[in-house]
Every structure is written in structure tokens, then in C-alpha cells.
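Some notes on the structure that comes next.
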Amino acid sequence: IPLEVDLDGDGTSTTLMALFDTGGSSLLIDPDSVVLAGGEAIAERKQITIRGATAGPLTFSKLRPHTRHLDHLARLIGTEIDIFLPFRTFRKYLLTLDFPREDLRISEGRLPQPDGAEVFNAKGPDRRPYLDTYIAGAPRRLLIDSGSSGSIALKPGDDLEWASEPLPLSASQGMNKVIYSDVARLEAT
């Protein structure tokens, strides 16, 4: 998402590229992007205040990201990332994620009350969106993560029956660690 910011307040805005991740829990900005947008050089893990940032018709009165280097994520997805926007950044807006069209629509308004058919309650153990579902007949709570690989990831040790033993598949860089993944097919369909 292109985000217009003016950190030095001189009236000249800079476009920073923001990555929106529903599974993200922290609002972050790369320290190099702070300088690019007219701010003072700042160390990692410090908090700054951005006033009046805009994304299209949306204006954020105040964003308070912490500084973290985001180069590793930029290399991973192949595009520049200046700011990492978590789900809660848009808590005052209605978000529509159209995955097949790769669209994100931001508007004002509210969904109707959850009905379990078209509108679901997304409350979970933290501020990110979750979906209660059943996998192989057992209830599971899944994190709705727009930054994931597109597969369903289950925690190791889940009591599931596999058609064959899980095999190592990949390693990926998360925000704070390398995540190793195994792949397997469930016995139950």
C-alpha cells in the first residue's frame, strides 16, 4: 500500500511502501525509511510518531511504529518494504480482502453481526483475526494471515492422523526467526 508521509513537516510528502499483513502484530518502520521521509536517523527498536499519513482517501491522524530493519522481508517477497502494517492499524475501517483479485478495499461502515455463514467472528487470543473451523473433525482456531504462503499451517504436536509421515518442505524468514515447515496429507478428508 503506498503511504504518503511528511516526517519533517515541511509540506513535502514522501511515498513509502507499506506491507499489510493480517497476521502481523506490530506496526514497524525501517530506520532507513525514516531518513528517506525526512526524519532524523534513529536506532532500531525505537518508537516514532507519524502524523497525517495518507493512503488514498484515508488519513491516519497518528501512527506510532517502532523501528526495525525490514530488508530481510523485502528480499523475501521481492519488493521494497518501508512500513509493516498489522491488522489493528485499520481497526476503525471496514476492510475487504479479495484474495483472487489481489485487492484490498478500505471503506467506512460495519459488517452485520456474525451469522456463521457469510460473516464470522474473528476474535481470538490477541488482536489479529482468527477463524474457528473444523479440520479432520476436530475444532481448530486458524489465524487469517494475508502474509502466509497460502497453505494451512498447524502447530507441531497437533493430534492429527497423517496419511504418511510429515516430510521437511521449507524454511522461511519470519519477522524474528526462521520458520521450518513440514508437509503431509491428513488421513481424514
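Order determines the names: the first chain of the C-alpha cells is A, the second B, and so forth; residues in each chain are numbered 1 upward, and ligands are numbered 1 upward as they are shown.
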
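Secondary structure from DSSP on the backbone puts helix (DSSP H, G or I) at the following positions of stretch 30-137 of chain A: Pro31, Asp32, Ser33, Val34, Val35, Leu36, Asp71, His72, Leu73, Ala74, Arg75, Leu76, Ile77, Phe87, Arg88, Thr89 and Phe90 of chain A.
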
For the residues in the current selection, export C-alpha atoms as an mmCIF file, in the first residue's frame.
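So the final result, stored in result_16.cif, reads:
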data_model
loop_
_atom_site.group_PDB
_atom_site.id
_atom_site.type_symbol
_atom_site.label_atom_id
_atom_site.label_comp_id
_atom_site.auth_asym_id
_atom_site.auth_seq_id
_atom_site.Cartn_x
_atom_site.Cartn_y
_atom_site.Cartn_z
ATOM 1 C CA PRO A 31 15.047 3.151 10.092
ATOM 2 C CA ASP A 32 16.321 3.931 6.567
ATOM 3 C CA SER A 33 12.769 4.857 5.542
ATOM 4 C CA VAL A 34 12.542 7.326 8.427
ATOM 5 C CA VAL A 35 15.503 9.218 6.948
ATOM 6 C CA LEU A 36 14.087 8.869 3.398
ATOM 7 C CA ASP A 71 15.384 -5.629 4.383
ATOM 8 C CA HIS A 72 15.107 -9.383 5.006
ATOM 9 C CA LEU A 73 11.356 -9.294 4.293
ATOM 10 C CA ALA A 74 11.855 -7.097 1.226
ATOM 11 C CA ARG A 75 14.346 -9.608 -0.211
ATOM 12 C CA LEU A 76 11.983 -12.475 0.600
ATOM 13 C CA ILE A 77 8.981 -11.057 -1.256
ATOM 14 C CA PHE A 87 -4.370 -5.728 11.149
ATOM 15 C CA ARG A 88 -5.095 -3.363 14.065
ATOM 16 C CA THR A 89 -3.872 -0.333 12.091
ATOM 17 C CA PHE A 90 -7.239 -0.412 10.295
#

Surrounding residues of A:Tyr180 excluding itself and chain neighbours under 6 positions, 8 Å, only C-alpha atoms, as a ChimeraX atom specification: /A:168-172

Could those residues be written to a file, using N, CA, C and O atoms, as a compact mmCIF listing (two decimals), in the first residue's frame?
# COMPACT_ATOMS: atom_id res chain seq x y z
N PRO A 168 10.19 -32.78 5.65
CA PRO A 168 10.65 -31.38 5.60
C PRO A 168 10.33 -30.78 4.23
O PRO A 168 10.55 -31.42 3.20
N LEU A 169 9.80 -29.56 4.24
CA LEU A 169 9.43 -28.90 2.99
C LEU A 169 10.23 -27.63 2.76
O LEU A 169 10.80 -27.42 1.70
N SER A 170 10.27 -26.75 3.78
CA SER A 170 10.89 -25.45 3.53
C SER A 170 11.31 -24.78 4.83
O SER A 170 10.94 -25.21 5.92
N ALA A 171 12.05 -23.71 4.65
CA ALA A 171 12.38 -22.80 5.74
C ALA A 171 12.07 -21.41 5.22
O ALA A 171 12.35 -21.09 4.06
N SER A 172 11.45 -20.58 6.04
CA SER A 172 11.12 -19.22 5.62
C SER A 172 11.50 -18.24 6.71
O SER A 172 11.54 -18.58 7.89

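Taking atom CA of A:Pro86 as the reference point, atom CA of A:Tyr134 is found at 26.0 Å.
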
Hey, what's within 12 Å of A:Pro125 if we count only C-alpha atoms and toss same-chain stuff fewer than 3 positions away? As an NGL selection string, please? :A and (25 or 122 or 128-132 or 141-143)

I'd like the contact shell of A:His66 - 8 Å cut-off, only C-alpha atoms, skipping same-chain residues fewer than 5 positions apart - returned as a PyMOL selection string. chain A and resi 27-29+44-48

Once you have the residues from the selection above, write them out as a PDB file, in the first residue's frame, restricted to all heavy atoms.
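Saved as out-v2.pdb:
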ATOM      1  N   LEU A  27       3.318  -2.674  14.459  1.00  0.00           N
ATOM      2  CA  LEU A  27       3.472  -1.613  13.480  1.00  0.00           C
ATOM      3  C   LEU A  27       4.953  -1.240  13.459  1.00  0.00           C
ATOM      4  O   LEU A  27       5.505  -0.826  14.484  1.00  0.00           O
ATOM      5  CB  LEU A  27       2.606  -0.409  13.866  1.00  0.00           C
ATOM      6  CG  LEU A  27       2.715   0.847  13.006  1.00  0.00           C
ATOM      7  CD1 LEU A  27       2.326   0.559  11.563  1.00  0.00           C
ATOM      8  CD2 LEU A  27       1.839   1.941  13.593  1.00  0.00           C
ATOM      9  N   LEU A  28       5.605  -1.407  12.299  1.00  0.00           N
ATOM     10  CA  LEU A  28       7.048  -1.217  12.196  1.00  0.00           C
ATOM     11  C   LEU A  28       7.394  -0.307  11.026  1.00  0.00           C
ATOM     12  O   LEU A  28       6.672  -0.265  10.034  1.00  0.00           O
ATOM     13  CB  LEU A  28       7.741  -2.565  11.992  1.00  0.00           C
ATOM     14  CG  LEU A  28       7.452  -3.654  13.020  1.00  0.00           C
ATOM     15  CD1 LEU A  28       8.014  -4.987  12.557  1.00  0.00           C
ATOM     16  CD2 LEU A  28       8.018  -3.261  14.369  1.00  0.00           C
ATOM     17  N   ILE A  29       8.519   0.403  11.142  1.00  0.00           N
ATOM     18  CA  ILE A  29       9.064   1.187  10.041  1.00  0.00           C
ATOM     19  C   ILE A  29      10.564   0.942   9.988  1.00  0.00           C
ATOM     20  O   ILE A  29      11.236   0.839  11.021  1.00  0.00           O
ATOM     21  CB  ILE A  29       8.745   2.700  10.199  1.00  0.00           C
ATOM     22  CG1 ILE A  29       9.194   3.483   8.951  1.00  0.00           C
ATOM     23  CG2 ILE A  29       9.351   3.271  11.467  1.00  0.00           C
ATOM     24  CD1 ILE A  29       8.669   4.904   8.892  1.00  0.00           C
ATOM     25  N   GLU A  44      17.500   1.190  15.811  1.00  0.00           N
ATOM     26  CA  GLU A  44      16.461   0.173  15.766  1.00  0.00           C
ATOM     27  C   GLU A  44      15.789   0.035  17.132  1.00  0.00           C
ATOM     28  O   GLU A  44      16.387   0.320  18.156  1.00  0.00           O
ATOM     29  CB  GLU A  44      17.079  -1.174  15.343  1.00  0.00           C
ATOM     30  CG  GLU A  44      16.161  -1.954  14.473  1.00  0.00           C
ATOM     31  CD  GLU A  44      16.727  -3.296  14.039  1.00  0.00           C
ATOM     32  OE1 GLU A  44      17.746  -3.758  14.570  1.00  0.00           O
ATOM     33  OE2 GLU A  44      16.105  -3.867  13.167  1.00  0.00           O
ATOM     34  N   ARG A  45      14.531  -0.389  17.091  1.00  0.00           N
ATOM     35  CA  ARG A  45      13.707  -0.648  18.279  1.00  0.00           C
ATOM     36  C   ARG A  45      13.338   0.613  19.057  1.00  0.00           C
ATOM     37  O   ARG A  45      13.099   0.567  20.251  1.00  0.00           O
ATOM     38  CB  ARG A  45      14.347  -1.689  19.185  1.00  0.00           C
ATOM     39  CG  ARG A  45      14.563  -3.023  18.488  1.00  0.00           C
ATOM     40  CD  ARG A  45      15.090  -4.075  19.438  1.00  0.00           C
ATOM     41  NE  ARG A  45      15.510  -5.254  18.735  1.00  0.00           N
ATOM     42  CZ  ARG A  45      14.720  -6.271  18.400  1.00  0.00           C
ATOM     43  NH1 ARG A  45      13.469  -6.247  18.697  1.00  0.00           N
ATOM     44  NH2 ARG A  45      15.203  -7.321  17.766  1.00  0.00           N
ATOM     45  N   LYS A  46      13.285   1.733  18.350  1.00  0.00           N
ATOM     46  CA  LYS A  46      12.814   2.990  18.933  1.00  0.00           C
ATOM     47  C   LYS A  46      11.453   3.307  18.337  1.00  0.00           C
ATOM     48  O   LYS A  46      11.147   2.907  17.219  1.00  0.00           O
ATOM     49  CB  LYS A  46      13.785   4.138  18.633  1.00  0.00           C
ATOM     50  CG  LYS A  46      15.178   3.916  19.146  1.00  0.00           C
ATOM     51  CD  LYS A  46      15.209   3.900  20.646  1.00  0.00           C
ATOM     52  CE  LYS A  46      16.636   3.708  21.130  1.00  0.00           C
ATOM     53  NZ  LYS A  46      16.714   3.581  22.565  1.00  0.00           N
ATOM     54  N   GLN A  47      10.635   4.038  19.056  1.00  0.00           N
ATOM     55  CA  GLN A  47       9.313   4.394  18.553  1.00  0.00           C
ATOM     56  C   GLN A  47       9.309   5.821  18.034  1.00  0.00           C
ATOM     57  O   GLN A  47       9.920   6.711  18.633  1.00  0.00           O
ATOM     58  CB  GLN A  47       8.265   4.235  19.655  1.00  0.00           C
ATOM     59  CG  GLN A  47       6.844   4.344  19.150  1.00  0.00           C
ATOM     60  CD  GLN A  47       5.830   4.007  20.209  1.00  0.00           C
ATOM     61  OE1 GLN A  47       5.931   4.447  21.342  1.00  0.00           O
ATOM     62  NE2 GLN A  47       4.847   3.197  19.844  1.00  0.00           N
ATOM     63  N   ILE A  48       8.644   6.027  16.902  1.00  0.00           N
ATOM     64  CA  ILE A  48       8.482   7.366  16.352  1.00  0.00           C
ATOM     65  C   ILE A  48       6.980   7.650  16.205  1.00  0.00           C
ATOM     66  O   ILE A  48       6.161   6.743  16.308  1.00  0.00           O
ATOM     67  CB  ILE A  48       9.197   7.546  15.000  1.00  0.00           C
ATOM     68  CG1 ILE A  48       8.516   6.736  13.899  1.00  0.00           C
ATOM     69  CG2 ILE A  48      10.660   7.202  15.107  1.00  0.00           C
ATOM     70  CD1 ILE A  48       8.909   7.156  12.499  1.00  0.00           C
TER      71      ILE A  48
END

Could you check how far atom CA of A:Leu104 sits from atom CA of A:Leu58, in Å to one decimal?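 We find that atom CA of A:Leu104 and atom CA of A:Leu58 lie 13.1 Å from each other.
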
Tell me, in Å to one decimal, how far atom CA of A:Ala37 is from atom CA of A:Thr79. 18.1 Å

Run DSSP on the backbone and tell me which residues of stretch 4-187 of chain A come out as strand (DSSP E); list them as a PyMOL selection string. chain A and resi 4-5+14-21+28-29+50-55+58-63+66-67+83-86+94-98+103-107+130-135+138-143+167-173+178-183

Residue among A:Leu70, A:Glu161, A:Arg185, A:Gly52 lying closest to A:Gln173, counting only C-alpha atoms: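 Using only C-alpha atoms, A:Gln173 sits closest to A:Leu70.
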
For A:Ala136, which of A:Ala55, A:Met175, A:Leu154, A:Leu186 is the closest residue, counting only C-alpha atoms?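 Selected residue with least distance to A:Ala136: A:Leu186.
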
7 Å contact set for A:Ala184, only C-alpha atoms, chain neighbours under 4 positions out, as a list in words: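 In the requested form, the answer reads Trp162, Ser164, Glu165, Pro166 and Leu167 of chain A.
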
Selection near stretch 107-110 of chain A, 7 Å with only C-alpha atoms, sequence-local residues under 6 positions removed, as a PDB file with N, CA and C atoms, in the first residue's frame:
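This is the output file result.pdb:
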ATOM      1  N   TYR A  93     -11.833   0.954  10.335  1.00  0.00           N
ATOM      2  CA  TYR A  93     -12.327   0.872   8.967  1.00  0.00           C
ATOM      3  C   TYR A  93     -12.831  -0.526   8.654  1.00  0.00           C
ATOM      4  N   LEU A  94     -13.596  -0.617   7.579  1.00  0.00           N
ATOM      5  CA  LEU A  94     -14.068  -1.889   7.065  1.00  0.00           C
ATOM      6  C   LEU A  94     -13.093  -2.322   5.973  1.00  0.00           C
ATOM      7  N   LEU A  95     -12.479  -3.479   6.141  1.00  0.00           N
ATOM      8  CA  LEU A  95     -11.523  -3.999   5.161  1.00  0.00           C
ATOM      9  C   LEU A  95     -12.151  -5.139   4.388  1.00  0.00           C
TER      10      LEU A  95
END

Top pick for closest residue to A:Gly56, considering A:Arg140, A:Lys177, A:Arg105, A:Lys155 and counting only C-alpha atoms: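 Smallest distance to A:Gly56 is found for A:Arg105.
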
At a cut-off of 7 Å, can you tabulate as a tab-separated table every residue of stretch 25-125 of chain A near stretch 9-17 of chain A together with its closest atom pair and the distance in Å to one decimal, using only C-alpha atoms and ordering rows by chain then number?
residue	atom	partner	partner_atom	distance
A:Ala37	CA	A:Thr14	CA	5.4
A:Glu80	CA	A:Met17	CA	6.7
A:Ile81	CA	A:Met17	CA	5.4
A:Asp82	CA	A:Met17	CA	5.2
A:Ile83	CA	A:Met17	CA	6.4

Generate the output file for the selected residues, C-alpha atoms, as a tab-separated table (two decimals), in the first residue's frame.
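Output file selection-v7.tsv follows:
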chain	number	residue	atom	x	y	z
A	37	ALA	CA	10.86	10.55	4.58
A	80	GLU	CA	10.70	-2.69	-1.23
A	81	ILE	CA	9.06	-2.51	2.22
A	82	ASP	CA	9.27	0.67	4.26
A	83	ILE	CA	6.46	0.07	6.74
